[in-house]
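Shown here: final-v3.txt, compact mmCIF, C-alpha atoms and all ligand atoms.
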# COMPACT_ATOMS: atom_id res chain seq x y z
CA MET A 124 48.72 37.69 104.13
CA SER A 125 50.38 35.34 106.61
CA LYS A 126 50.68 31.68 105.65
CA ASN A 127 49.24 28.68 107.44
CA VAL A 128 52.33 26.68 108.44
CA ILE A 129 52.15 23.16 109.91
CA VAL A 130 55.10 20.94 110.89
CA PHE A 131 54.32 17.19 110.88
CA TYR A 132 56.61 14.68 112.57
CA PHE A 133 56.55 11.61 114.81
CA ASN A 134 55.68 12.05 118.49
CA ASP A 135 58.80 10.40 119.92
CA GLY A 136 61.40 13.16 120.02
CA LYS A 137 62.70 16.32 118.36
CA GLY A 138 64.36 14.47 115.50
CA ARG A 139 64.67 15.80 111.99
CA ALA A 140 61.83 18.31 112.44
CA GLU A 141 63.44 20.33 115.21
CA LEU A 142 65.57 22.57 112.99
CA THR A 143 62.48 23.79 111.12
CA ARG A 144 60.73 24.35 114.46
CA LEU A 145 63.71 26.27 115.89
CA VAL A 146 63.88 28.48 112.80
CA LEU A 147 60.16 29.27 113.01
CA VAL A 148 60.37 29.89 116.77
CA TYR A 149 63.48 32.08 116.49
CA GLY A 150 61.87 34.05 113.65
CA GLN A 151 58.59 34.30 115.59
CA ILE A 152 56.60 32.77 112.72
CA PRO A 153 53.39 31.19 114.05
CA PHE A 154 53.01 27.50 113.20
CA SER A 155 51.14 24.40 114.27
CA ASP A 156 53.30 21.58 115.66
CA GLN A 157 51.68 18.24 114.77
CA ARG A 158 53.27 15.21 116.45
CA LEU A 159 51.89 11.98 115.00
CA SER A 160 51.52 8.45 116.28
CA PHE A 161 52.73 5.66 113.99
CA SER A 162 49.17 4.91 112.83
CA GLU A 163 48.59 8.60 112.01
CA TYR A 164 51.85 8.52 110.02
CA LEU A 165 50.61 5.44 108.11
CA SER A 166 47.34 7.09 107.23
CA MET A 167 49.14 10.22 105.96
CA ARG A 168 51.57 8.06 104.00
CA ASP A 169 48.91 5.79 102.53
CA GLY A 170 46.75 8.81 101.74
CA GLY A 171 49.55 10.04 99.45
CA LYS A 172 50.40 13.05 101.65
CA LEU A 173 54.12 12.28 102.08
CA PRO A 174 56.26 12.95 98.97
CA PHE A 175 58.95 10.40 99.95
CA GLN A 176 56.72 8.33 102.28
CA GLN A 177 58.63 9.79 105.22
CA LEU A 178 58.34 12.42 107.95
CA PRO A 179 58.98 15.26 108.60
CA VAL A 180 56.94 17.35 106.18
CA LEU A 181 55.99 21.01 106.22
CA MET A 182 52.58 22.12 105.02
CA VAL A 183 52.37 25.71 103.80
CA ASP A 184 48.76 26.55 103.00
CA ASP A 185 47.90 23.68 100.60
CA GLN A 186 51.46 22.77 99.61
CA ILE A 187 53.46 19.98 101.24
CA ILE A 188 57.28 20.23 101.33
CA GLY A 189 59.21 17.10 102.32
CA GLN A 190 62.91 16.62 103.22
CA SER A 191 64.19 18.24 106.41
CA CYS A 192 66.76 20.57 104.80
CA ALA A 193 64.30 21.84 102.19
CA MET A 194 61.72 22.48 104.93
CA ALA A 195 64.21 24.33 107.13
CA ARG A 196 65.46 26.40 104.18
CA TYR A 197 61.91 27.44 103.32
CA ALA A 198 61.28 28.33 106.98
CA ALA A 199 64.58 30.27 107.12
CA LYS A 200 63.54 32.37 104.12
CA LEU A 201 60.16 33.05 105.73
CA ALA A 202 61.87 34.00 109.01
CA ASP A 203 64.60 36.08 107.35
CA LEU A 204 67.29 33.73 108.68
CA TYR A 205 68.60 32.67 105.25
CA PRO A 206 71.58 34.81 104.10
CA SER A 207 70.86 37.15 101.19
CA ASN A 208 74.47 37.09 99.95
CA ASP A 209 74.99 34.10 97.59
CA ILE A 210 78.32 33.00 99.07
CA GLU A 211 76.97 33.22 102.63
CA ALA A 212 73.87 31.35 101.50
CA GLY A 213 76.10 28.60 100.04
CA LEU A 214 78.14 28.40 103.23
CA SER A 215 74.97 28.16 105.32
CA ASP A 216 73.70 25.36 103.03
CA MET A 217 77.03 23.58 103.57
CA VAL A 218 76.59 23.68 107.36
CA VAL A 219 72.97 22.51 107.18
CA ASP A 220 73.90 19.64 104.84
CA ALA A 221 76.50 18.61 107.44
CA TRP A 222 73.71 18.83 110.08
CA ARG A 223 71.74 16.31 108.05
CA ASP A 224 74.77 14.08 107.44
CA LEU A 225 75.38 13.95 111.19
CA LEU A 226 71.74 13.17 111.95
CA ASP A 227 71.75 10.44 109.27
CA LEU A 228 74.87 8.94 110.84
CA PHE A 229 73.44 9.26 114.35
CA TYR A 230 70.09 7.65 113.48
CA GLY A 231 72.03 5.09 111.46
CA CYS A 232 73.41 3.86 114.81
CA TYR A 233 69.85 2.82 115.72
CA VAL A 234 68.29 1.79 112.41
CA ASP A 235 69.48 0.14 109.25
CA ARG A 236 67.95 0.80 105.85
CA VAL A 237 67.41 -2.35 103.84
CA THR A 238 65.32 -3.60 100.95
CA LYS A 239 62.65 -6.12 101.86
CA GLU A 240 60.07 -7.62 99.50
CA GLY A 241 60.95 -5.01 96.90
CA LYS A 242 60.57 -2.09 99.33
CA PHE A 243 63.03 0.23 101.07
CA VAL A 244 62.44 -0.17 104.82
CA MET A 245 64.03 0.69 108.14
CA THR A 246 64.91 -2.09 110.59
CA MET A 247 66.02 -1.66 114.21
CA ARG A 248 69.57 -2.74 115.03
CA SER A 249 70.20 -4.97 118.06
CA ASP A 250 70.96 -3.09 121.31
CA GLN A 251 74.55 -4.38 121.24
CA GLU A 252 75.05 -3.09 117.71
CA LYS A 253 73.47 0.27 118.62
CA VAL A 254 75.95 0.77 121.46
CA GLU A 255 78.96 -0.20 119.31
CA LYS A 256 77.90 2.19 116.57
CA LEU A 257 77.16 5.02 119.04
CA ASP A 258 80.65 4.65 120.52
CA GLU A 259 82.18 5.07 117.08
CA PHE A 260 79.85 7.96 116.31
CA PHE A 261 80.81 9.91 119.43
CA LYS A 262 84.54 9.11 119.34
CA VAL A 263 85.26 9.43 115.62
CA ILE A 264 82.45 10.91 113.54
CA LEU A 265 81.26 13.73 115.79
CA PRO A 266 84.75 15.26 116.37
CA SER A 267 85.48 15.38 112.64
CA HIS A 268 82.35 17.50 112.04
CA PHE A 269 82.58 19.58 115.21
CA ASP A 270 86.20 20.55 114.48
CA THR A 271 84.97 22.04 111.20
CA PHE A 272 82.08 23.93 112.83
CA GLU A 273 84.47 25.37 115.45
CA GLN A 274 86.88 26.44 112.69
CA ILE A 275 84.09 28.10 110.70
CA ILE A 276 83.19 30.25 113.72
CA SER A 277 86.88 31.12 114.26
CA ASN A 278 87.08 32.24 110.63
CA ASN A 279 84.13 34.59 111.09
CA LYS A 280 85.80 37.75 112.37
CA SER A 281 82.54 39.72 112.53
CA SER A 282 80.68 37.75 115.22
CA SER A 283 80.39 34.61 117.30
CA SER A 284 77.98 33.10 114.75
CA LEU A 285 78.98 30.74 111.95
CA ILE A 286 78.29 32.62 108.74
CA THR A 287 77.23 36.27 109.07
CA ASP A 288 77.26 38.93 111.80
CA SER A 289 73.99 37.58 113.20
CA ILE A 290 72.20 34.27 113.78
CA THR A 291 71.19 32.35 110.64
CA TRP A 292 69.55 28.97 110.16
CA ALA A 293 73.07 27.45 110.09
CA ASP A 294 73.62 28.49 113.72
CA LEU A 295 70.29 26.95 114.67
CA ALA A 296 71.31 23.71 112.91
CA VAL A 297 74.51 23.49 114.97
CA PHE A 298 72.52 24.41 118.07
CA ASP A 299 70.14 21.53 117.32
CA LEU A 300 73.08 19.10 117.16
CA LEU A 301 74.53 20.43 120.43
CA ASP A 302 71.13 20.01 122.04
CA THR A 303 70.36 16.55 120.59
CA LEU A 304 73.82 15.14 121.30
CA ASP A 305 74.30 16.86 124.69
CA PRO A 306 75.82 14.16 126.94
CA TYR A 307 74.07 15.71 129.97
CA ALA A 308 70.58 15.65 128.35
CA SER A 309 67.93 13.63 130.13
CA HIS A 310 66.77 11.93 126.91
CA TRP A 311 69.54 9.30 127.12
CA THR A 312 67.94 7.86 130.24
CA ASP A 313 64.27 8.54 129.45
CA ASP A 314 62.58 5.35 128.24
CA SER A 315 59.82 7.29 126.45
CA VAL A 316 62.34 8.72 123.95
CA SER A 317 63.42 6.76 120.88
CA PHE A 318 67.17 7.03 121.75
CA TYR A 319 66.71 5.00 124.91
CA ILE A 320 68.53 1.64 125.01
CA LYS A 321 67.38 -0.72 127.71
CA GLU A 322 69.54 -2.90 130.00
CA PRO A 323 71.81 -4.84 129.78
CA PHE A 324 73.46 -2.86 126.93
CA GLY A 325 71.96 0.49 127.92
CA PRO A 326 71.05 3.02 128.99
CA TYR A 327 73.67 4.50 126.67
CA GLU A 328 75.11 7.88 127.64
CA PRO A 329 77.71 9.67 125.46
CA PRO A 330 81.13 10.45 126.99
CA LYS A 331 80.68 13.57 129.16
CA ASP A 332 83.65 15.44 127.65
CA ILE A 333 82.66 15.33 123.95
CA PHE A 334 82.22 19.14 123.71
CA LYS A 335 85.31 20.10 125.73
CA ASN A 336 87.34 21.13 122.67
CA TYR A 337 84.64 23.40 121.28
CA PRO A 338 84.47 26.62 123.34
CA LYS A 339 83.03 28.65 120.46
CA LEU A 340 80.26 26.12 119.88
CA GLU A 341 79.46 26.08 123.60
CA ALA A 342 79.31 29.92 123.58
CA LEU A 343 76.95 29.83 120.59
CA LYS A 344 74.76 27.31 122.39
CA THR A 345 74.51 29.63 125.40
CA ILE A 346 73.63 32.66 123.25
CA ILE A 347 70.89 30.81 121.36
CA SER A 348 69.43 29.03 124.37
CA GLN A 349 69.13 32.37 126.19
CA THR A 350 67.21 34.04 123.38
CA PRO A 351 63.78 34.60 124.99
CA GLN A 352 61.68 32.83 122.33
CA ILE A 353 64.08 29.84 122.21
CA ALA A 354 64.30 29.64 126.02
CA ALA A 355 60.48 29.58 126.20
CA TRP A 356 60.29 26.93 123.44
CA LEU A 357 62.87 24.67 125.08
CA SER A 358 61.23 24.82 128.47
CA SER A 359 57.79 24.02 127.04
CA HIS A 360 59.18 21.36 124.62
CA PRO A 361 61.90 19.44 126.49
CA SER A 362 61.75 16.53 124.01
N1 LIG B 1 66.04 12.57 104.02
C1 LIG B 1 64.88 12.63 104.86
C2 LIG B 1 64.89 11.44 105.81
C3 LIG B 1 63.57 11.32 106.53
C4 LIG B 1 63.50 10.09 107.39
O1 LIG B 1 64.42 9.25 107.40
N2 LIG B 1 62.38 9.96 108.11
C5 LIG B 1 62.14 8.83 108.94
C6 LIG B 1 61.91 9.25 110.39
S1 LIG B 1 63.32 10.08 111.08
C7 LIG B 1 60.86 8.13 108.49
O2 LIG B 1 59.92 8.79 108.09
N3 LIG B 1 60.86 6.80 108.57
C8 LIG B 1 59.73 6.00 108.25
C9 LIG B 1 60.03 5.06 107.11
O3 LIG B 1 60.93 5.35 106.30
O4 LIG B 1 59.34 4.04 107.04
C10 LIG B 1 64.87 13.97 105.62
O5 LIG B 1 65.96 14.51 105.89
O6 LIG B 1 63.79 14.47 105.94
Spit out the file's structure as structure tokens when you get a sec.
Amino acid sequence: MSKNVIVFYFNDGKGRAELTRLVLVYGQIPFSDQRLSFSEYLSMRDGGKLPFQQLPVLMVDDQIIGQSCAMARYAAKLADLYPSNDIEAGLSDMVVDAWRDLLDLFYGCYVDRVTKEGKFVMTMRSDQEKVEKLDEFFKVILPSHFDTFEQIISNNKSSSSLITDSITWADLAVFDLLDTLDPYASHWTDDSVSFYIKEPFGPYEPPKDIFKNYPKLEALKTIISQTPQIAAWLSSHPS
């Protein structure tokens, strides 16, 4: 019997939920995409529905799974996009952990995690600090990870994917980074998206040439974005 799958996340961008969504879409697994306002998040959190008090979470029938990598891994198994070979599975986990590291570092340019009144909370950085951190992210941190992704594809003699001879959840994770960090994306200048930084320090746009040294990653992005179910998803869910 098919499972009832619901993805819960904030309503202000693709964020940490998008990999799970891409995996479900690519694998043609039906799911409900619930995008919550901040007050809806608070009522879920205060109602004890969020294992680590954070979003995203995945609900599978009556069970809630938190943590973006765990959710995406579950979805990948459901969608048959998780490698069956143990070594390939480990390598795919390695890529997806790097996906999360990069997202943590990217979001860390916008928010700081501090303790306040005995609680672990997120606070917004100043716009000036956001821009300084984003510059370092795009010039130093991103290349160090993207060089490795490009090398992993070069090492795979059987296909233009990262790990196996077909698309796995690891490819979708790298695709998600290419899409989120795309210097030509409209979200950098869209003030309804959480990345937007207002004048005088913003709008911030990444250097246009950040992907120029990664032809294999660009080719992978083209292949995935032209897959019919992903193309349809992206055009109906631009942010
Ligand atoms: N390690 C978690 C991090 C989740 C996370 O940081 N969620 C943020 C939104 S992107 C959140 O719920 N923040 C609200 C809060 O912590 O108060 C994951 O990968 O899912």
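Here atom O2 of ligand LIG 1 (chain B) is placed at a distance of 8.3 Å from CA of Tyr164 (chain A).
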In Å, with one decimal, what is the gap from CA of Ile129 (chain A) to CA of Tyr230 (chain A)? 24.0 Å
Using all atoms listed in the file, the best pick from A:Lys344, A:Lys339, A:Lys126, A:Lys242 as closest to ligand LIG 1 (chain B) would be A:Lys242
Between A:Ile210, A:Ala354, A:Phe272, A:Gln176, which one has atoms that come closest to Ala296 (chain A), using all atoms listed in the file?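 Going through A:Ile210, A:Ala354, A:Phe272, A:Gln176 one by one, the smallest distance to Ala296 (chain A) is for A:Phe272.
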Output as CSV one row per residue of chain A within 7 Å of ligand LIG 1 (chain B): the closest atom pair and its distance in Å to one decimal place, counting all atoms listed in the file, sorted by chain and residue number ascending.
residue,atom,partner,partner_atom,distance
A:Gly138,CA,B:LIG1,S1,6.3
A:Arg139,CA,B:LIG1,S1,5.9
A:Gln176,CA,B:LIG1,O3,6.5
A:Gln177,CA,B:LIG1,O2,3.3
A:Leu178,CA,B:LIG1,O2,4.0
A:Pro179,CA,B:LIG1,O6,5.6
A:Gly189,CA,B:LIG1,O6,6.4
A:Gln190,CA,B:LIG1,O6,3.6
A:Ser191,CA,B:LIG1,O6,3.8
A:Cys192,CA,B:LIG1,O5,6.2
A:Arg223,CA,B:LIG1,O5,6.4
A:Val244,CA,B:LIG1,O4,5.7
A:Met245,CA,B:LIG1,O4,5.9
Within 12 Å of region 277-279 of chain A, counting all atoms listed in the file, which residues show up once you throw out same-chain ones fewer than 6 positions away? Write them as an mmCIF file with C-alpha atoms, in the coordinates of the input, please.
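Writing done, so here's result_22.cif:
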data_model
loop_
_atom_site.group_PDB
_atom_site.id
_atom_site.type_symbol
_atom_site.label_atom_id
_atom_site.label_comp_id
_atom_site.auth_asym_id
_atom_site.auth_seq_id
_atom_site.Cartn_x
_atom_site.Cartn_y
_atom_site.Cartn_z
ATOM 1 C CA GLU A 211 76.970 33.220 102.630
ATOM 2 C CA LEU A 214 78.140 28.400 103.230
ATOM 3 C CA ASP A 270 86.200 20.550 114.480
ATOM 4 C CA THR A 271 84.970 22.040 111.200
ATOM 5 C CA LEU A 285 78.980 30.740 111.950
ATOM 6 C CA ILE A 286 78.290 32.620 108.740
ATOM 7 C CA THR A 287 77.230 36.270 109.070
ATOM 8 C CA ASP A 288 77.260 38.930 111.800
ATOM 9 C CA SER A 289 73.990 37.580 113.200
ATOM 10 C CA TYR A 337 84.640 23.400 121.280
ATOM 11 C CA PRO A 338 84.470 26.620 123.340
ATOM 12 C CA LYS A 339 83.030 28.650 120.460
ATOM 13 C CA LEU A 340 80.260 26.120 119.880
ATOM 14 C CA LEU A 343 76.950 29.830 120.590
#
